[in-house]
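Structure first, then comments.
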Amino acid sequence: MTSIGGAEMVDWNLAVATATRLVRPGPEVTRDEARAVVAELRRHARTSERHVRGFTRMIPEGAEVPDTPVLVVDRAGWVRANVAGFRELLAPLLGKMQDRRAGTPGAGVLGAVGGKVTGVELGMLLSFLASRVLGQYETFAPLERDLSRGGPGAAAGGRLLLVAPNVVHVERELDVHPHDFRLWVCLHEETHRTQFTAVPWLRDHLEAEIQSFLGATEMDPAALLERLREAAQAFAGARPDAERGEEGRTLVELVQTPEQREVLGRLTAVMSLLEGHADFVMDGVGPEVVPSVAEIREKFQQRRATGAGRLDAALRKLLGLDAKLRQYRDGERFVRAVVGQVGMDGFNRVWTSPNTLPTKAEIARPADWVARVHGRGGEPGEGE
């Protein structure tokens with residue numbers, strides 16, 4: 001792994017240890033109940049595949065697509081899996097930082113200390129997220145049995161994670177039918193798996209965009225500290241810029257370079273498409289296989305909007321999680337509008353190439369995407 005003077009720039013083991021120590025315990029269940037939940041989630045993951053493929057028509061009947069693992073994990077397992085993914089994705093950036101600092105006096109000591117500090121910070125972030133994620137398609141997961149391992153040399157591939165204690169926690173909190181809710185969650189996550197297995201170029205495109213974003217990272221420590229200082233002042237209301245809308249940005253956005261903001265606009269459009277498509281599919285499939293889908297959606301939307309208190313709301317804003325909620329909403333509106341105008345097969349032209357992906361502006365104005373990709377002659381219901 002990338003290191004300075006033999007010390008890793010991020011102490012990944014410390015990140016895992018910190019997160020697993022700080023993460024909240026899951027809901028109380030007996031051993032038999034836990035086994036039953038795990039077994040049911042696995043069954044739903046298998047049946048969701050058939051429902052999603054039939055509804056989306058992204059994979060022709062009889063076509064072979066790469067298979068990816070489905071893992072039912074606890075909160076600690078989710079942490080280990082994501083640390084492995086981070087190591088895979090951040091390796092080029094950490095290598096760049098290593099080259100920048102190589103030969104600096106005291107680099108070994110600074111690297112060791114900095115790696116531990118970063119490990120603790122990452123662990124704290126993951127501990128916050130680990131109790132909130134219901135499921136995740138890990139696009140950049142290394143294919144290794146040990147979820148805590150991974151690195152630049154690991155074989156890359158996707159895998160579907162379902163976080164059993166979080167699913168149980170939310171279904172109890174919302175007071176919804178457990179069977180229906182578990183299947184509903186699996187439909188969303190299976191849609192993500194279908195997106196990446198049915199569209200061979202999507203993973204490489206997304207990785208290239210992320211690497212472009214990371215490659216534009218400001219490497220000069222003095223410049224980065226200045227951007228952090230300005231960000232802190234903006235959040236405190238001490239900068240005139242805050243009056244012009246900077247107070248609405250997240251900490252991550254405020255320390256970005258102009259190049260990163262351009263890349264982020266494209267990434268935001270792609271993520272809005274993926275998340276909105278998954279929401280559209282889970283609700284579209286729902287009425288036939290999830291009898292209480294309307295009740296689940298209404299209660300779940302309320303939970304998304306309100307969070308779990310002031311601290312939770314503050315952390316969500318700081319980390320940019322509110323922006324992710326907007327991606328669900330805006331992306332779902334885009335998909336619904338396009339399908340309504342040109343049908344499911346017409347919408348599926350979005351997966352043709354990177355050039356047919358919607359821009360951030362087109363996510364807000366679906367008719368512009370239809371005009372660009374289909375021409376003005378697209379008729380409602382085309383492709384149905």
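Chain labels run A, B, ... following the order of the structure tokens; each chain numbers its residues from 1, and ligands are numbered from 1 in the order shown.
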Exercise: A:Gly265 partners within 9 Å, only C-alpha atoms, chain neighbours under 5 positions left out, as a VMD selection string: chain A and resid 260 270 359 to 360
message: I'd like the neighbourhood of stretch 24-39 of chain A as a ChimeraX atom specification, where a residue qualifies if any of its atoms comes within 8 Å (using only C-alpha atoms), though same-chain residues fewer than 4 positions away should be ignored.
response: /A:43,72,75,127,131,164-166,168-169
field: Nearest-residue call for A:Val285, choices A:Thr47, A:Asn13, A:Thr118, A:Thr139, using only C-alpha atoms
entry: A:Thr47
- prompt: What does the distance from atom CA of A:Ser292 to atom CA of A:Val176 come to in Å, to one decimal?
  reply: 8.1 Å
- request: May I have the residues within 8 Å of stretch 345-355 of chain A as a ChimeraX atom specification, using only C-alpha atoms and disregarding those fewer than 2 positions away in the same chain?
  value: /A:57-58,199,201-202,205,335,338-339,342-343,357-358,373,382-384
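Distance-wise, atom CA of A:Ala278 and atom CA of A:Thr191 end up 5.4 Å apart.
For A:Asp180, the non-local neighbours within 8 Å, defined as residues at least 2 positions apart in the same chain or in other chains and counting only C-alpha atoms, are A:Val176, A:His177, A:Pro178, A:Arg182, A:Leu183, A:Trp184, A:Val290, A:Pro291, A:Ser292, A:Val293.
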query: What does the distance between atom CA of A:Ala216 and atom CA of A:Tyr328 come to in Å, to one decimal place?
result: 26.8 Å
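Using only C-alpha atoms for every distance, the candidate list A:Glu49, A:Glu189, A:Glu362, A:Glu262 yields A:Glu262 as the residue closest to A:Glu209.
Closest to A:Thr68 among A:Val133, A:Leu160, A:Val281, A:Met124 is A:Leu160, based on only C-alpha atoms.
Considering only C-alpha atoms, the residue among A:Val65, A:Leu90, A:Ala17, A:Leu174 positioned nearest to A:Arg297 is A:Leu174.
Residue nearest A:Arg304, chosen from A:Ala19, A:Pro258, A:Arg132, A:Ala371 and counting only C-alpha atoms: A:Arg132.
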